[in-house]
file structure-v7.cif (mmCIF, C-alpha atoms)
data_input
loop_
_atom_site.group_PDB
_atom_site.id
_atom_site.type_symbol
_atom_site.label_atom_id
_atom_site.label_comp_id
_atom_site.auth_asym_id
_atom_site.auth_seq_id
_atom_site.Cartn_x
_atom_site.Cartn_y
_atom_site.Cartn_z
ATOM 1 C CA MET A 1 13.212 -100.033 97.552
ATOM 2 C CA VAL A 2 16.000 -102.408 96.620
ATOM 3 C CA SER A 3 16.836 -102.682 92.910
ATOM 4 C CA GLN A 4 16.364 -105.910 90.983
ATOM 5 C CA ILE A 5 20.101 -106.544 90.656
ATOM 6 C CA ALA A 6 20.715 -105.881 94.372
ATOM 7 C CA SER A 7 17.823 -108.197 95.249
ATOM 8 C CA GLU A 8 19.304 -110.876 92.981
ATOM 9 C CA LEU A 9 22.680 -110.481 94.684
ATOM 10 C CA ALA A 10 20.987 -110.776 98.087
ATOM 11 C CA ASP A 11 19.396 -114.072 97.011
ATOM 12 C CA TYR A 12 22.785 -115.483 96.011
ATOM 13 C CA LEU A 13 24.330 -114.365 99.299
ATOM 14 C CA LEU A 14 21.510 -115.925 101.315
ATOM 15 C CA ALA A 15 21.971 -119.173 99.371
ATOM 16 C CA GLY A 16 25.697 -119.126 100.071
ATOM 17 C CA ASP A 17 26.325 -119.280 96.315
ATOM 18 C CA GLN A 18 29.724 -117.598 96.060
ATOM 19 C CA GLN A 19 30.226 -118.135 92.339
ATOM 20 C CA ALA A 20 26.792 -116.811 91.376
ATOM 21 C CA ALA A 21 27.348 -113.738 93.558
ATOM 22 C CA ILE A 22 30.722 -113.107 91.912
ATOM 23 C CA GLN A 23 29.213 -113.419 88.443
ATOM 24 C CA CYS A 24 26.345 -111.114 89.429
ATOM 25 C CA ILE A 25 28.849 -108.409 90.359
ATOM 26 C CA GLN A 26 31.197 -109.003 87.442
ATOM 27 C CA GLN A 27 28.448 -108.622 84.849
ATOM 28 C CA ASN A 28 28.302 -104.924 85.772
ATOM 29 C CA GLU A 29 31.602 -104.102 84.090
ATOM 30 C CA ASP A 30 30.649 -100.471 83.500
ATOM 31 C CA MET A 31 30.369 -99.773 87.238
ATOM 32 C CA THR A 32 33.246 -98.432 89.326
ATOM 33 C CA ASN A 33 34.109 -100.109 92.616
ATOM 34 C CA LEU A 34 32.384 -97.275 94.451
ATOM 35 C CA MET A 35 29.202 -97.798 92.428
ATOM 36 C CA ILE A 36 29.289 -101.540 93.108
ATOM 37 C CA PHE A 37 29.729 -100.916 96.838
ATOM 38 C CA HIS A 38 27.067 -98.204 97.019
ATOM 39 C CA GLN A 39 24.467 -99.528 94.571
ATOM 40 C CA LEU A 40 24.837 -103.318 94.838
ATOM 41 C CA ILE A 41 26.579 -104.684 97.902
ATOM 42 C CA THR A 42 25.345 -102.154 100.483
ATOM 43 C CA PRO A 43 21.645 -102.307 99.489
ATOM 44 C CA ALA A 44 21.816 -106.104 99.185
ATOM 45 C CA MET A 45 23.140 -106.424 102.741
ATOM 46 C CA GLN A 46 20.688 -103.807 104.027
ATOM 47 C CA TYR A 47 17.851 -105.781 102.445
ATOM 48 C CA ILE A 48 19.087 -108.942 104.154
ATOM 49 C CA GLY A 49 19.177 -107.039 107.454
ATOM 50 C CA GLU A 50 15.590 -105.937 106.936
ATOM 51 C CA LEU A 51 14.524 -109.535 106.279
ATOM 52 C CA TRP A 52 16.161 -110.578 109.535
ATOM 53 C CA GLU A 53 14.458 -107.769 111.467
ATOM 54 C CA LYS A 54 11.099 -108.968 110.090
ATOM 55 C CA ASN A 55 11.907 -112.572 111.096
ATOM 56 C CA GLU A 56 11.682 -113.635 107.461
ATOM 57 C CA ILE A 57 15.157 -115.184 107.683
ATOM 58 C CA THR A 58 17.062 -116.700 110.606
ATOM 59 C CA VAL A 59 20.254 -115.633 112.301
ATOM 60 C CA ALA A 60 21.947 -118.545 110.518
ATOM 61 C CA ASP A 61 20.745 -117.202 107.156
ATOM 62 C CA GLU A 62 22.123 -113.753 107.958
ATOM 63 C CA HIS A 63 25.475 -115.197 109.050
ATOM 64 C CA LEU A 64 25.736 -117.262 105.871
ATOM 65 C CA ALA A 65 24.988 -114.214 103.732
ATOM 66 C CA THR A 66 27.600 -112.144 105.584
ATOM 67 C CA ALA A 67 30.262 -114.854 105.293
ATOM 68 C CA THR A 68 29.504 -115.287 101.588
ATOM 69 C CA CYS A 69 29.657 -111.532 100.982
ATOM 70 C CA ASP A 70 32.976 -111.361 102.833
ATOM 71 C CA PHE A 71 34.418 -114.138 100.656
ATOM 72 C CA VAL A 72 33.179 -112.522 97.444
ATOM 73 C CA PHE A 73 34.506 -109.131 98.471
ATOM 74 C CA SER A 74 37.944 -110.511 99.292
ATOM 75 C CA ARG A 75 38.085 -112.272 95.922
ATOM 76 C CA LEU A 76 37.128 -109.228 93.865
ATOM 77 C CA PHE A 77 38.464 -106.133 95.601
ATOM 78 C CA SER A 78 41.635 -104.799 97.192
ATOM 79 C CA TRP A 79 40.894 -104.029 100.804
ATOM 80 C CA GLN A 80 44.207 -103.911 102.668
ATOM 81 C CA GLY A 81 47.344 -102.217 101.395
ATOM 82 C CA ASP A 82 50.942 -103.201 102.127
ATOM 83 C CA GLN A 83 52.552 -100.106 100.692
ATOM 84 C CA SER A 84 51.390 -96.523 100.394
ATOM 85 C CA ALA A 85 51.548 -94.661 97.103
ATOM 86 C CA ASN A 86 50.950 -91.322 98.806
ATOM 87 C CA GLY A 87 52.842 -91.890 102.059
ATOM 88 C CA LYS A 88 49.687 -91.843 104.200
ATOM 89 C CA LYS A 89 48.428 -94.473 106.620
ATOM 90 C CA ALA A 90 45.042 -95.408 108.023
ATOM 91 C CA ILE A 91 43.814 -97.762 110.740
ATOM 92 C CA LEU A 92 40.216 -98.984 110.425
ATOM 93 C CA LEU A 93 38.371 -100.853 113.166
ATOM 94 C CA CYS A 94 35.023 -101.591 114.758
ATOM 95 C CA LEU A 95 34.389 -100.689 118.372
ATOM 96 C CA GLU A 96 34.506 -103.366 121.045
ATOM 97 C CA GLY A 97 31.430 -105.553 120.701
ATOM 98 C CA GLU A 98 30.711 -104.428 117.127
ATOM 99 C CA GLN A 99 30.516 -107.317 114.672
ATOM 100 C CA HIS A 100 29.282 -105.513 111.535
ATOM 101 C CA TYR A 101 32.459 -104.909 109.550
ATOM 102 C CA LEU A 102 31.589 -105.228 105.845
ATOM 103 C CA GLY A 103 30.936 -101.507 105.406
ATOM 104 C CA LEU A 104 34.292 -100.728 106.976
ATOM 105 C CA LYS A 105 35.918 -103.242 104.656
ATOM 106 C CA MET A 106 34.501 -101.360 101.684
ATOM 107 C CA VAL A 107 35.880 -98.115 103.099
ATOM 108 C CA SER A 108 39.256 -99.850 103.449
ATOM 109 C CA SER A 109 39.146 -100.727 99.762
ATOM 110 C CA LEU A 110 38.466 -97.094 98.861
ATOM 111 C CA PHE A 111 41.469 -95.975 100.911
ATOM 112 C CA VAL A 112 43.697 -98.519 99.139
ATOM 113 C CA GLU A 113 42.327 -97.390 95.772
ATOM 114 C CA HIS A 114 43.393 -93.834 96.633
ATOM 115 C CA GLY A 115 46.929 -94.906 97.492
ATOM 116 C CA TRP A 116 46.792 -95.303 101.272
ATOM 117 C CA ASN A 117 48.504 -97.955 103.371
ATOM 118 C CA VAL A 118 45.709 -99.502 105.427
ATOM 119 C CA ARG A 119 45.609 -101.714 108.473
ATOM 120 C CA PHE A 120 42.114 -103.174 108.727
ATOM 121 C CA PHE A 121 41.374 -104.704 112.130
ATOM 122 C CA GLY A 122 37.789 -105.712 111.474
ATOM 123 C CA PRO A 123 35.248 -106.263 114.248
ATOM 124 C CA ASN A 124 35.434 -105.963 118.015
ATOM 125 C CA LEU A 125 38.787 -104.299 118.752
ATOM 126 C CA PRO A 126 39.119 -103.143 122.390
ATOM 127 C CA LEU A 127 40.350 -99.576 122.850
ATOM 128 C CA GLU A 128 43.592 -100.563 124.594
ATOM 129 C CA TYR A 129 44.779 -102.508 121.539
ATOM 130 C CA ALA A 130 43.720 -99.773 119.140
ATOM 131 C CA LEU A 131 45.729 -97.269 121.177
ATOM 132 C CA GLU A 132 48.782 -99.519 121.354
ATOM 133 C CA THR A 133 48.819 -100.016 117.588
ATOM 134 C CA ALA A 134 48.168 -96.358 116.798
ATOM 135 C CA GLU A 135 50.939 -95.175 119.119
ATOM 136 C CA LYS A 136 53.449 -97.402 117.338
ATOM 137 C CA TRP A 137 52.280 -96.976 113.737
ATOM 138 C CA LYS A 138 51.171 -93.310 113.871
ATOM 139 C CA PRO A 139 48.381 -93.361 111.270
ATOM 140 C CA ASP A 140 47.133 -90.178 109.628
ATOM 141 C CA VAL A 141 43.538 -91.411 109.932
ATOM 142 C CA ILE A 142 41.769 -93.722 112.370
ATOM 143 C CA GLY A 143 38.410 -94.948 111.104
ATOM 144 C CA LEU A 144 35.782 -96.190 113.585
ATOM 145 C CA SER A 145 32.563 -98.021 112.831
ATOM 146 C CA VAL A 146 29.521 -98.227 115.114
ATOM 147 C CA SER A 147 26.194 -99.838 114.246
ATOM 148 C CA ILE A 148 24.552 -100.694 117.581
ATOM 149 C CA VAL A 149 23.046 -97.999 119.833
ATOM 150 C CA TYR A 150 24.165 -99.532 123.113
ATOM 151 C CA HIS A 151 27.794 -99.301 121.968
ATOM 152 C CA LEU A 152 27.621 -95.505 121.825
ATOM 153 C CA PRO A 153 29.037 -95.016 125.360
ATOM 154 C CA HIS A 154 32.184 -96.830 124.156
ATOM 155 C CA LEU A 155 32.404 -94.457 121.200
ATOM 156 C CA LYS A 156 33.026 -91.403 123.378
ATOM 157 C CA HIS A 157 35.981 -93.103 125.056
ATOM 158 C CA TYR A 158 37.468 -94.236 121.733
ATOM 159 C CA VAL A 159 37.252 -90.746 120.245
ATOM 160 C CA LYS A 160 38.618 -89.053 123.371
ATOM 161 C CA HIS A 161 41.706 -91.256 123.678
ATOM 162 C CA LEU A 162 42.499 -91.775 119.985
ATOM 163 C CA SER A 163 42.189 -88.097 119.117
ATOM 164 C CA SER A 164 44.631 -87.211 121.910
ATOM 165 C CA LEU A 165 47.473 -89.262 120.411
ATOM 166 C CA SER A 166 50.686 -87.304 119.914
ATOM 167 C CA ASN A 167 50.469 -87.327 116.103
ATOM 168 C CA ARG A 168 46.867 -86.021 116.181
ATOM 169 C CA PRO A 169 45.246 -88.366 113.643
ATOM 170 C CA VAL A 170 41.981 -87.472 111.977
ATOM 171 C CA ILE A 171 39.203 -89.563 113.517
ATOM 172 C CA MET A 172 36.651 -90.761 110.988
ATOM 173 C CA LEU A 173 33.349 -92.160 112.184
ATOM 174 C CA GLY A 174 31.009 -94.275 110.107
ATOM 175 C CA GLY A 175 28.678 -97.244 110.300
ATOM 176 C CA ARG A 176 24.922 -97.612 110.256
ATOM 177 C CA LEU A 177 24.358 -95.203 113.156
ATOM 178 C CA ALA A 178 26.266 -92.443 111.371
ATOM 179 C CA ALA A 179 23.414 -92.246 108.872
ATOM 180 C CA THR A 180 20.552 -92.506 111.384
ATOM 181 C CA HIS A 181 21.707 -90.757 114.574
ATOM 182 C CA ASP A 182 23.325 -87.495 115.613
ATOM 183 C CA LEU A 183 26.734 -88.679 116.778
ATOM 184 C CA ARG A 184 28.210 -85.231 117.414
ATOM 185 C CA PRO A 185 27.777 -85.475 121.217
ATOM 186 C CA TYR A 186 30.178 -88.431 121.174
ATOM 187 C CA CYS A 187 32.841 -86.661 119.093
ATOM 188 C CA ASP A 188 35.271 -83.777 119.276
ATOM 189 C CA GLY A 189 36.470 -81.129 116.833
ATOM 190 C CA ASN A 190 38.910 -83.525 115.179
ATOM 191 C CA THR A 191 36.212 -86.044 114.219
ATOM 192 C CA MET A 192 34.685 -86.431 110.760
ATOM 193 C CA ILE A 193 31.287 -88.135 110.569
ATOM 194 C CA LEU A 194 30.805 -89.941 107.259
ATOM 195 C CA LYS A 195 27.234 -91.008 106.628
ATOM 196 C CA ASP A 196 27.945 -93.232 103.638
ATOM 197 C CA LEU A 197 30.564 -94.452 101.183
ATOM 198 C CA LEU A 198 29.992 -91.500 98.875
ATOM 199 C CA MET A 199 31.103 -89.086 101.605
ATOM 200 C CA ALA A 200 34.179 -91.203 102.340
ATOM 201 C CA ASN A 201 35.142 -91.298 98.678
ATOM 202 C CA HIS A 202 34.565 -87.555 98.302
ATOM 203 C CA TRP A 203 36.941 -86.847 101.194
ATOM 204 C CA LEU A 204 39.583 -89.196 99.782
ATOM 205 C CA SER A 205 39.279 -87.629 96.327
ATOM 206 C CA SER A 206 39.591 -84.146 97.854
ATOM 207 C CA GLU A 207 42.776 -85.231 99.640
ATOM 208 C CA VAL A 208 44.272 -86.471 96.345
ATOM 209 C CA LEU A 209 43.355 -83.201 94.620
ATOM 210 C CA GLU A 210 44.904 -81.176 97.452
ATOM 211 C CA GLU A 211 48.136 -83.196 97.236
ATOM 212 C CA LYS A 212 48.381 -82.597 93.482
ATOM 213 C CA THR A 213 47.720 -78.885 93.960
ATOM 214 C CA ASN A 214 50.375 -78.582 96.658
ATOM 215 C CA ALA A 215 52.869 -80.501 94.508
ATOM 216 C CA THR A 216 52.559 -77.895 91.746
ATOM 217 C CA LEU A 217 53.141 -74.898 94.026
#
call {"tool": "encode", "arguments": {"input": "structure-v7.cif", "output": "structure tokens"}}
result
Amino acid sequence: MVSQIASELADYLLAGDQQAAIQCIQQNEDMTNLMIFHQLITPAMQYIGELWEKNEITVADEHLATATCDFVFSRLFSWQGDQSANGKKAILLCLEGEQHYLGLKMVSSLFVEHGWNVRFFGPNLPLEYALETAEKWKPDVIGLSVSIVYHLPHLKHYVKHLSSLSNRPVIMLGGRLAATHDLRPYCDGNTMILKDLLMANHWLSSEVLEEKTNATL
């Protein structure tokens, strides 16, 4: 069940009230960015999705809420880095046809917060362009997001080709289906399946700890 504060945020997003949504988030000064993403923004958008599935709101309502959330997020949080504090790079993208990108944008912000240089390509990036960019930029991590079941056949092709790049990037897989479906048949041994933001943040924190440990050896 959605919390009162997440429900309130959802109402502001559905109304397209950017300022009220910003104030709703900012009043929780004791919360980290991860907590805001995991406890406020994600459940608010999931609640809006549930309303749409029940036909209690229209497609236009859902689009307005998404656009408002995107604006608010871009105003409040870092989500794309220009320089890397730790020398590592990540490319984050949604599969071709995928339009649900807000979760991936939150993951991008977590990467930036942990010192990564991030190129966030958002929704609907065909494989050929992802490959072209990755071959030139040589990221350490390529993050993929999939939320719609009928896009799963594309996923296998993305993982196969991206994981075979010469620099052998780690392939990270997330999105709504990561939490509800077994995606292992579409992956290989170099793929990490992250079911939520907490898992993504845990991996990033572990990488930082490992770097510090190695630096002291």
call {"tool": "resolve_selection", "arguments": {"input": "structure-v7.cif", "expression": "the PyMOL selection byres ((chain A and resi 61) around 10)", "output": "ChimeraX atom specification"}}
result
/A:13-16,48,51-52,56-60,62-67
call {"tool": "residues_around", "arguments": {"input": "structure-v7.cif", "residues": "A:Asp17", "least_positions_apart": "5", "cutoff": "10 Å", "atoms": "only C-alpha atoms", "output": "count of residues only"}}
result
9
call {"tool": "residues_around", "arguments": {"input": "structure-v7.cif", "residues": "stretch 170-187 of chain A", "least_positions_apart": "6", "cutoff": "6 Å", "atoms": "only C-alpha atoms", "output": "PyMOL selection string"}}
result
chain A and resi 141-147+156+193-195
call {"tool": "atom_distance", "arguments": {"input": "structure-v7.cif", "atom1": "atom CA of A:Cys94", "atom2": "atom CA of A:Ser205"}}
result
23.5 Å
call {"tool": "closest_residue", "arguments": {"input": "structure-v7.cif", "among": "A:Pro153, A:Thr191, A:Lys138, A:Thr32", "to": "A:Ser166", "atoms": "all atoms listed in the file"}}
result
A:Lys138
call {"tool": "residues_near_point", "arguments": {"input": "structure-v7.cif", "point": "(51.2, -88.9, 102.9)", "cutoff": "8 Å", "atoms": "only C-alpha atoms", "output": "list in words"}}
result
Asn86, Gly87, Lys88, Lys89, Trp116 and Asp140 of chain A
call {"tool": "atom_distance", "arguments": {"input": "structure-v7.cif", "atom1": "atom CA of A:Glu96", "atom2": "atom CA of A:Phe73"}}
result
23.3 Å
call {"tool": "closest_residue", "arguments": {"input": "structure-v7.cif", "among": "A:Cys24, A:Met31, A:Leu93, A:Ala6", "to": "A:Pro43", "atoms": "only C-alpha atoms"}}
result
A:Ala6
call {"tool": "residues_around", "arguments": {"input": "structure-v7.cif", "residues": "A:Trp137", "least_positions_apart": "5", "cutoff": "12 Å", "atoms": "only C-alpha atoms", "output": "VMD selection string"}}
result
chain A and resid 88 to 91 117 to 119 130 to 132 142 165 to 167 169
call {"tool": "closest_residue", "arguments": {"input": "structure-v7.cif", "among": "A:Gln80, A:Asn28, A:Ser164, A:Thr133", "to": "A:Glu113", "atoms": "only C-alpha atoms"}}
result
A:Gln80
call {"tool": "atom_distance", "arguments": {"input": "structure-v7.cif", "atom1": "atom CA of A:Leu198", "atom2": "atom CA of A:Leu34"}}
result
7.7 Å
call {"tool": "closest_residue", "arguments": {"input": "structure-v7.cif", "among": "A:Glu98, A:Asp30, A:Val107, A:Val112", "to": "A:Leu155", "atoms": "all atoms listed in the file"}}
result
A:Glu98
call {"tool": "axis_aligned_box", "arguments": {"input": "structure-v7.cif", "around": "stretch 190-196 of chain A", "padding_each_side": "8 Å", "output": "AutoDock Vina command-line options"}}
result
--center_x 33.1 --center_y -88.4 --center_z 109.4 --size_x 27.7 --size_y 25.7 --size_z 27.5
